[in-house]
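J.: Before I ask anything, let me first share the structure, which is written out below as structure tokens.
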Amino acid sequence: MTATVPAAPAARPAAAARAAAAVRDWPWWVQVLAVYGAARLVSAVILLVVAHQQAENLWTPASPSYAQWTGRMWDASWYRSIAEGGYPSTLPRGDDGAVEQNAWAFYPLFPVLARGLTSLTGLGWDVVAPTLSLLLGAAAMLVIHRLVAGADRAVARRPGLPLATVAVVSVFPSSPVLQTAYTESLGLLLVATTLLLLVRRRYEWAAGAVLLLGLSRAVALPMACVVLWHGLVRARHWWRARAAAPAGARAAARGRALVDGARVGALLVITLLAGVAWQLVVGAVTGERDAYFRTQSAWRAGADVVPVQPWIDVSRWLWGDAGPWIMLAVLVAFAAAVLSPPTARLGPELQAWSGAYLAYLVAVVPPGSSLVRFLLLAFPLGASLVGWTRSRLWFWCVVVASVAGQLWWVWTFWRLVPPSGWPP
């Protein structure tokens with residue numbers, strides 16, 4: 001009687017190793033899109049599961065479809081109204097004369113793109129807008145991969161860092177927003193593109209990207225800090241190159257430095273203009289110079305936009321007299337992450353963006369439920385997080401914790417329990 005010989009225990013690990021090697025042989029862009037696609041499928045499952053628990057609300061019926069839930073909830077309804085009806089010519093006011101919440105708080109590029117695709121395809125908003133966001137997010141991940149891949153010091157220490165960064169950003173707790181009718185995908189793409197062009201010193205192209213950024217989200221001003229820091233780093237390089245050049249070549253080196261300095265200076269001016277362009281447009285159309293800031297105040301129950309103060313107030317509301325100290329400790333921890341060696345190895349532009357963007361959030365954004373979504377644009381910190389070590393266990397712990405965070409974020413914030421909720 002002949003017994004069947006079982007497969008060797010090493011057969012399965014060997015097959016897994018061959019499969020992993022085959023994946024590594026894929027072109028880099030296929031790997032990026034595969035990781036992003038897998039992450040979005042996970043998020044889609046989470047969204048579908050939680051959607052069944054959604055009660056009827058202002059925007060959707062009970063247990064809405066995937067398209068309804070990703071295309072209409074929360075700010076998506078504002079973008080839809082802009083795409084279909086444009087902006088009001090004057091600021092709407094209540095009986096007390098206070099400015100009410102209105103469409104001018106939302107930047108125009110995403111709804112304009114969605115409207116164009118709706119007209120071109122004949123499909124409805126619920127299909128076009130989330131799909132547009134999904135595709136813009138895919139493009140953003142491709143750019144992020146190239147951006148991190150150019151950080152030679154970081155990649156030398158951790159060769160898989162570019163793809164690991166894509167994975168961590170793709171599964172970030174608020175990453176389901178990348179497949180909804182929100183502007184995070186567009187903002188992420190334009191921020192990463194501007195940084196990539198800046199790193200590669202394509203200043204004229206960077207000017208075009210930052211102008212589009214100024215029409216998509218209110219984050220062009222922190223980018224101006226990055227351009228300024230880039231200029232200072234380049235100036236030091238120009239000075240050293242001129243000092244090291246032979247005497248006969250110093251005049252030519254000085255000329256090249258002046259030309260490049262003028263290009264960076266022009267980009268800085270354009271970036272500053274992009275940071276205030278939408279506010280100027282809102283004021284010009286409505287006839288009220290401070291119309292944008294009055295509109296923003298409507299989302300804060302009429303409170304003025306005062307830098308930093310909301311963080312102090314919220315910390316005291318949460319933790320009493322110890323609140324400001326706890327908040328300070330949190331901010332110090334973020335500052336330490338920005339100044340850490342893994343972030344520094346990403347290069348001065350990515351490190352400067354991380355610091356400038358976080359400082360901008362503290363200065364102008366009150367701490368609240370939307371903060372988790374805003375942190376998605378601080379993507380270099382994702383590279384820093386997985387750049388500490390080559391440990392695969394650490395990487396997978398981050399991924400699993402992030403996916404669990406997605407479930408928490410969708411259930412707690414995207415799902416609305418009428419009559420009111422915490423906006424995502």
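Residue names in the structure tokens use chain letters A, B, ... in the order shown, residue numbers from 1 in each chain, and ligand numbers from 1 in the order shown.
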Each residue of range 111-193 of chain A with at least one atom at most 12 Å from range 94-106 of chain A should appear once, together with its nearest atom pair and the corresponding distance in Å (one decimal); atoms considered: only C-alpha atoms; ordering: chain, then increasing residue number; output as JSON lines.

T.:
{"residue": "A:Pro111", "atom": "CA", "partner": "A:Phe106", "partner_atom": "CA", "distance": 9.3}
{"residue": "A:Val112", "atom": "CA", "partner": "A:Phe106", "partner_atom": "CA", "distance": 11.7}
{"residue": "A:Tyr182", "atom": "CA", "partner": "A:Phe106", "partner_atom": "CA", "distance": 10.3}
{"residue": "A:Thr183", "atom": "CA", "partner": "A:Phe106", "partner_atom": "CA", "distance": 9.5}

J.: Write a file of the selected residues as a short mmCIF file (atom, residue, chain, number, x, y, z; two decimals), in the first residue's frame, keeping C-alpha atoms.

T.:
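File produced: result-v3.cif:
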data_model
loop_
_atom_site.label_atom_id
_atom_site.label_comp_id
_atom_site.auth_asym_id
_atom_site.auth_seq_id
_atom_site.Cartn_x
_atom_site.Cartn_y
_atom_site.Cartn_z
CA PRO A 111 -17.20 71.28 -8.36
CA VAL A 112 -16.17 72.85 -11.69
CA TYR A 182 -14.82 65.95 -1.12
CA THR A 183 -11.71 67.90 -2.16
#

J.: Write out as a PDB file with N, CA and C atoms, in the first residue's frame the residues lying within 12 Å of Trp353 in chain A, counting only C-alpha atoms and excluding same-chain residues fewer than 4 positions away.

T.:
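What follows is the written file result.pdb:
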ATOM      1  N   VAL A 191      -0.931  69.435  -3.788  1.00  0.00           N
ATOM      2  CA  VAL A 191       0.152  69.650  -2.824  1.00  0.00           C
ATOM      3  C   VAL A 191       1.363  68.814  -3.208  1.00  0.00           C
ATOM      4  N   ALA A 192       1.151  67.519  -3.471  1.00  0.00           N
ATOM      5  CA  ALA A 192       2.266  66.636  -3.824  1.00  0.00           C
ATOM      6  C   ALA A 192       2.906  67.065  -5.138  1.00  0.00           C
ATOM      7  N   THR A 194       2.981  70.130  -6.472  1.00  0.00           N
ATOM      8  CA  THR A 194       3.743  71.359  -6.243  1.00  0.00           C
ATOM      9  C   THR A 194       5.076  71.048  -5.575  1.00  0.00           C
ATOM     10  N   LEU A 195       5.058  70.176  -4.574  1.00  0.00           N
ATOM     11  CA  LEU A 195       6.297  69.810  -3.887  1.00  0.00           C
ATOM     12  C   LEU A 195       7.258  69.093  -4.825  1.00  0.00           C
ATOM     13  N   LEU A 196       6.751  68.192  -5.655  1.00  0.00           N
ATOM     14  CA  LEU A 196       7.610  67.460  -6.581  1.00  0.00           C
ATOM     15  C   LEU A 196       8.259  68.413  -7.586  1.00  0.00           C
ATOM     16  N   LEU A 198       8.774  71.572  -7.164  1.00  0.00           N
ATOM     17  CA  LEU A 198       9.699  72.425  -6.423  1.00  0.00           C
ATOM     18  C   LEU A 198      11.022  71.697  -6.181  1.00  0.00           C
ATOM     19  N   VAL A 199      10.933  70.440  -5.758  1.00  0.00           N
ATOM     20  CA  VAL A 199      12.140  69.648  -5.529  1.00  0.00           C
ATOM     21  C   VAL A 199      12.959  69.529  -6.808  1.00  0.00           C
ATOM     22  N   VAL A 219      -4.903  76.080   1.410  1.00  0.00           N
ATOM     23  CA  VAL A 219      -3.610  75.615   1.923  1.00  0.00           C
ATOM     24  C   VAL A 219      -2.432  76.160   1.130  1.00  0.00           C
ATOM     25  N   ALA A 220      -2.663  77.178   0.303  1.00  0.00           N
ATOM     26  CA  ALA A 220      -1.554  77.735  -0.475  1.00  0.00           C
ATOM     27  C   ALA A 220      -0.610  78.555   0.390  1.00  0.00           C
ATOM     28  N   LEU A 221      -1.111  79.179   1.440  1.00  0.00           N
ATOM     29  CA  LEU A 221      -0.243  80.015   2.274  1.00  0.00           C
ATOM     30  C   LEU A 221       0.854  79.206   2.973  1.00  0.00           C
ATOM     31  N   PRO A 222       0.564  78.047   3.581  1.00  0.00           N
ATOM     32  CA  PRO A 222       1.685  77.266   4.117  1.00  0.00           C
ATOM     33  C   PRO A 222       2.658  76.809   3.043  1.00  0.00           C
ATOM     34  N   MET A 223       2.185  76.646   1.808  1.00  0.00           N
ATOM     35  CA  MET A 223       3.099  76.292   0.726  1.00  0.00           C
ATOM     36  C   MET A 223       4.070  77.431   0.452  1.00  0.00           C
ATOM     37  N   ALA A 224       3.645  78.666   0.706  1.00  0.00           N
ATOM     38  CA  ALA A 224       4.552  79.805   0.537  1.00  0.00           C
ATOM     39  C   ALA A 224       5.739  79.692   1.492  1.00  0.00           C
ATOM     40  N   CYS A 225       5.493  79.181   2.684  1.00  0.00           N
ATOM     41  CA  CYS A 225       6.601  78.961   3.637  1.00  0.00           C
ATOM     42  C   CYS A 225       7.583  77.939   3.090  1.00  0.00           C
ATOM     43  N   VAL A 226       7.073  76.927   2.407  1.00  0.00           N
ATOM     44  CA  VAL A 226       7.942  75.902   1.827  1.00  0.00           C
ATOM     45  C   VAL A 226       8.796  76.503   0.717  1.00  0.00           C
ATOM     46  N   VAL A 227       8.170  77.324  -0.132  1.00  0.00           N
ATOM     47  CA  VAL A 227       8.918  77.967  -1.216  1.00  0.00           C
ATOM     48  C   VAL A 227      10.012  78.869  -0.642  1.00  0.00           C
ATOM     49  N   LEU A 228       9.691  79.601   0.403  1.00  0.00           N
ATOM     50  CA  LEU A 228      10.679  80.477   1.028  1.00  0.00           C
ATOM     51  C   LEU A 228      11.836  79.655   1.596  1.00  0.00           C
ATOM     52  N   TRP A 229      11.531  78.581   2.280  1.00  0.00           N
ATOM     53  CA  TRP A 229      12.588  77.736   2.839  1.00  0.00           C
ATOM     54  C   TRP A 229      13.428  77.106   1.736  1.00  0.00           C
ATOM     55  N   HIS A 230      12.775  76.653   0.674  1.00  0.00           N
ATOM     56  CA  HIS A 230      13.497  76.113  -0.483  1.00  0.00           C
ATOM     57  C   HIS A 230      14.460  77.161  -1.043  1.00  0.00           C
ATOM     58  N   VAL A 338       8.071  66.375  13.277  1.00  0.00           N
ATOM     59  CA  VAL A 338       8.526  67.166  12.130  1.00  0.00           C
ATOM     60  C   VAL A 338      10.044  67.299  12.123  1.00  0.00           C
ATOM     61  N   LEU A 339      10.638  67.463  13.305  1.00  0.00           N
ATOM     62  CA  LEU A 339      12.079  67.685  13.411  1.00  0.00           C
ATOM     63  C   LEU A 339      12.869  66.386  13.527  1.00  0.00           C
ATOM     64  N   THR A 343      11.982  62.398   9.238  1.00  0.00           N
ATOM     65  CA  THR A 343      11.373  63.471   8.454  1.00  0.00           C
ATOM     66  C   THR A 343      12.444  64.311   7.775  1.00  0.00           C
ATOM     67  N   ALA A 344      13.541  64.579   8.471  1.00  0.00           N
ATOM     68  CA  ALA A 344      14.630  65.358   7.884  1.00  0.00           C
ATOM     69  C   ALA A 344      15.219  64.660   6.668  1.00  0.00           C
ATOM     70  N   LEU A 346      13.731  63.092   4.464  1.00  0.00           N
ATOM     71  CA  LEU A 346      12.863  63.261   3.300  1.00  0.00           C
ATOM     72  C   LEU A 346      13.240  64.479   2.472  1.00  0.00           C
ATOM     73  N   GLY A 347      14.046  65.359   3.022  1.00  0.00           N
ATOM     74  CA  GLY A 347      14.459  66.560   2.305  1.00  0.00           C
ATOM     75  C   GLY A 347      13.817  67.799   2.883  1.00  0.00           C
ATOM     76  N   PRO A 348      14.410  68.976   2.615  1.00  0.00           N
ATOM     77  CA  PRO A 348      13.921  70.210   3.239  1.00  0.00           C
ATOM     78  C   PRO A 348      12.505  70.590   2.833  1.00  0.00           C
ATOM     79  N   GLU A 349      12.095  70.269   1.603  1.00  0.00           N
ATOM     80  CA  GLU A 349      10.765  70.672   1.148  1.00  0.00           C
ATOM     81  C   GLU A 349       9.662  69.894   1.866  1.00  0.00           C
ATOM     82  N   TYR A 357       2.400  73.251   7.408  1.00  0.00           N
ATOM     83  CA  TYR A 357       0.985  72.885   7.341  1.00  0.00           C
ATOM     84  C   TYR A 357       0.405  72.661   8.737  1.00  0.00           C
ATOM     85  N   LEU A 358       1.142  71.967   9.606  1.00  0.00           N
ATOM     86  CA  LEU A 358       0.655  71.759  10.964  1.00  0.00           C
ATOM     87  C   LEU A 358       0.543  73.082  11.711  1.00  0.00           C
ATOM     88  N   ALA A 359       1.525  73.979  11.528  1.00  0.00           N
ATOM     89  CA  ALA A 359       1.448  75.297  12.156  1.00  0.00           C
ATOM     90  C   ALA A 359       0.248  76.077  11.639  1.00  0.00           C
ATOM     91  N   TYR A 360      -0.039  75.932  10.362  1.00  0.00           N
ATOM     92  CA  TYR A 360      -1.197  76.598   9.759  1.00  0.00           C
ATOM     93  C   TYR A 360      -2.502  76.080  10.371  1.00  0.00           C
ATOM     94  N   LEU A 361      -2.594  74.774  10.570  1.00  0.00           N
ATOM     95  CA  LEU A 361      -3.802  74.215  11.182  1.00  0.00           C
ATOM     96  C   LEU A 361      -4.012  74.771  12.581  1.00  0.00           C
ATOM     97  N   LEU A 377      -3.445  65.615   4.552  1.00  0.00           N
ATOM     98  CA  LEU A 377      -2.522  66.364   3.694  1.00  0.00           C
ATOM     99  C   LEU A 377      -1.114  66.445   4.284  1.00  0.00           C
ATOM    100  N   ALA A 378      -0.949  66.073   5.540  1.00  0.00           N
ATOM    101  CA  ALA A 378       0.387  66.043   6.150  1.00  0.00           C
ATOM    102  C   ALA A 378       1.042  64.697   5.855  1.00  0.00           C
ATOM    103  N   PHE A 379       0.963  64.260   4.612  1.00  0.00           N
ATOM    104  CA  PHE A 379       1.395  62.911   4.240  1.00  0.00           C
ATOM    105  C   PHE A 379       2.882  62.632   4.455  1.00  0.00           C
ATOM    106  N   PRO A 380       3.796  63.624   4.435  1.00  0.00           N
ATOM    107  CA  PRO A 380       5.197  63.270   4.718  1.00  0.00           C
ATOM    108  C   PRO A 380       5.393  62.631   6.092  1.00  0.00           C
ATOM    109  N   LEU A 381       4.512  62.952   7.039  1.00  0.00           N
ATOM    110  CA  LEU A 381       4.636  62.324   8.357  1.00  0.00           C
ATOM    111  C   LEU A 381       4.324  60.829   8.296  1.00  0.00           C
TER     112      LEU A 381
END

J.: I'd like the contact shell of Leu163 in chain A - 8 Å cut-off, only C-alpha atoms, skipping same-chain residues fewer than 4 positions apart - returned as a PDB file with C-alpha atoms, in the first residue's frame.

T.:
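Output saved as around_2.pdb:
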ATOM      1  CA  GLN A  31       2.396  48.524  -7.580  1.00  0.00           C
ATOM      2  CA  VAL A  32       1.164  51.957  -6.460  1.00  0.00           C
ATOM      3  CA  HIS A 145       5.580  57.744  -4.675  1.00  0.00           C
ATOM      4  CA  ALA A 167       0.163  52.252   1.665  1.00  0.00           C
TER       5      ALA A 167
END

J.: Between CA of Arg80 in chain A and CA of Pro130 in chain A, what is the spacing in Å?

T.: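 It comes out at 11.2 Å.
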
J.: As a PyMOL selection string, which residues of range 160-358 of chain A does DSSP assign to alpha helix (DSSP H)?

T.: chain A and resi 161-170+184-199+203-213+220-244+250-286+291-298+309-319+323-339+341-344+348-358

J.: Could you produce a table of the residues of range 80-134 of chain A lying within 12 Å of range 66-70 of chain A, with the nearest pair of atoms per residue and their separation in Å rounded to one decimal, using only C-alpha atoms, ordered by chain and increasing residue number, as a Markdown table?

T.:
| residue | atom | partner | partner_atom | distance |
| --- | --- | --- | --- | --- |
| A:Arg80 | CA | A:Thr70 | CA | 11.8 |
| A:Leu123 | CA | A:Ala67 | CA | 11.9 |
| A:Gly124 | CA | A:Ala67 | CA | 9.9 |
| A:Trp125 | CA | A:Ala67 | CA | 9.0 |
| A:Asp126 | CA | A:Ala67 | CA | 5.2 |
| A:Val127 | CA | A:Ala67 | CA | 6.0 |
| A:Val128 | CA | A:Ala67 | CA | 9.3 |
| A:Ala129 | CA | A:Thr70 | CA | 8.6 |
| A:Pro130 | CA | A:Thr70 | CA | 6.2 |
| A:Thr131 | CA | A:Ala67 | CA | 9.4 |
| A:Leu132 | CA | A:Thr70 | CA | 11.6 |
| A:Ser133 | CA | A:Thr70 | CA | 10.2 |
| A:Leu134 | CA | A:Thr70 | CA | 10.8 |

J.: What's the 10 Å shell around Pro88 in chain A, counting only C-alpha atoms, without same-chain residues fewer than 2 positions away, as a list in words?

T.: Ile82, Gly85, Gly86, Thr90, Leu91, Pro92, Asn102, Ala103, Trp104, Val285 and Thr286 of chain A

J.: As a list in words, please: the residues near Ala206 in chain A (cut-off 6 Å, only C-alpha atoms, same-chain neighbours under 2 positions excluded).

T.: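 Counting only the stated atoms, we get Thr194, Leu197, Tyr203, Glu204, Gly208 and Ala209 of chain A.
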
J.: For C-alpha atoms, I'd like the residues from the last selection saved as a PDB file, in the first residue's frame.

T.:
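To be explicit, this is the file written out as part.pdb:
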ATOM      1  CA  THR A 194       3.743  71.359  -6.243  1.00  0.00           C
ATOM      2  CA  LEU A 197       8.029  70.301  -9.087  1.00  0.00           C
ATOM      3  CA  TYR A 203       9.497  76.570 -10.881  1.00  0.00           C
ATOM      4  CA  GLU A 204       7.301  77.689 -13.779  1.00  0.00           C
ATOM      5  CA  GLY A 208       0.733  76.612 -12.345  1.00  0.00           C
ATOM      6  CA  ALA A 209       0.179  73.846  -9.800  1.00  0.00           C
TER       7      ALA A 209
END

J.: Tell me which protein, DNA and RNA residues are within 6 Å of range 308-312 of chain A, counting only C-alpha atoms, leaving out same-chain ones fewer than 5 positions away, and put them as a PyMOL selection string.

T.: chain A and resi 324+362-363+366-367

J.: CA of Ala139 in chain A and CA of Leu189 in chain A, how far apart in Å?

T.: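 Pair CA of Leu189 in chain A / CA of Ala139 in chain A returns 6.6 Å.
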
J.: Leaving out Gly405 in chain A and any residue of its chain fewer than 2 positions from it, which residues lie within 8 Å of it when counting only C-alpha atoms, given as a tab-separated table (two decimals) with N, CA and C atoms, in the first residue's frame?

T.:
chain	number	residue	atom	x	y	z
A	172	PHE	N	-4.96	55.64	5.82
A	172	PHE	CA	-5.09	56.57	6.93
A	172	PHE	C	-6.55	56.58	7.42
A	173	PRO	N	-6.78	56.78	8.73
A	173	PRO	CA	-8.16	56.69	9.24
A	173	PRO	C	-9.19	57.49	8.48
A	174	SER	N	-8.83	58.67	7.98
A	174	SER	CA	-9.82	59.46	7.23
A	174	SER	C	-9.70	59.27	5.72
A	401	ALA	N	-3.81	49.18	12.40
A	401	ALA	CA	-4.36	50.22	13.27
A	401	ALA	C	-5.07	51.29	12.45
A	402	SER	N	-4.55	51.60	11.28
A	402	SER	CA	-5.17	52.62	10.43
A	402	SER	C	-6.51	52.14	9.88
A	403	VAL	N	-6.57	50.88	9.47
A	403	VAL	CA	-7.85	50.34	8.98
A	403	VAL	C	-8.89	50.33	10.09
A	407	LEU	N	-12.71	52.44	10.35
A	407	LEU	CA	-14.01	52.00	10.84
A	407	LEU	C	-14.53	52.96	11.89
A	408	TRP	N	-13.64	53.36	12.80
A	408	TRP	CA	-14.02	54.34	13.82
A	408	TRP	C	-14.42	55.66	13.18
A	409	TRP	N	-13.67	56.15	12.20
A	409	TRP	CA	-13.93	57.46	11.59
A	409	TRP	C	-15.28	57.45	10.84

J.: One decimal, Å: what's the distance from CA of Gly275 in chain A over to CA of Ser170 in chain A, could you say?

T.: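 According to the coordinates, CA of Gly275 in chain A and CA of Ser170 in chain A are separated by 27.0 Å.
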
J.: Which residue gives the smallest distance to Leu350 in chain A among A:Ala154, A:Ala39, A:Leu371, A:Ala140, with only C-alpha atoms counted?

T.: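 Going through A:Ala154, A:Ala39, A:Leu371, A:Ala140 one by one, the smallest distance to Leu350 in chain A is for A:Ala154.
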
J.: Mind dumping a table of every range 299-396 of chain A residue within 10 Å of range 420-423 of chain A, with the nearest atom pair and its distance in Å to one decimal, using only C-alpha atoms, sorted by chain and rising number, as CSV?

T.:
residue,atom,partner,partner_atom,distance
A:Gly368,CA,A:Trp422,CA,8.4
A:Ser369,CA,A:Trp422,CA,6.2
A:Ser370,CA,A:Pro423,CA,6.5

J.: Kindly export the residues of the current selection with N, CA and C atoms, as a PDB file, in the first residue's frame.

T.:
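Once everything was written out, this is again27.pdb:
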ATOM      1  N   GLY A 368     -11.313  70.171  16.075  1.00  0.00           N
ATOM      2  CA  GLY A 368     -12.639  69.566  16.025  1.00  0.00           C
ATOM      3  C   GLY A 368     -12.587  68.271  15.252  1.00  0.00           C
ATOM      4  N   SER A 369     -13.745  67.750  14.914  1.00  0.00           N
ATOM      5  CA  SER A 369     -13.830  66.453  14.260  1.00  0.00           C
ATOM      6  C   SER A 369     -13.241  66.453  12.854  1.00  0.00           C
ATOM      7  N   SER A 370     -13.168  67.617  12.202  1.00  0.00           N
ATOM      8  CA  SER A 370     -12.611  67.677  10.847  1.00  0.00           C
ATOM      9  C   SER A 370     -11.094  67.586  10.831  1.00  0.00           C
TER      10      SER A 370
END
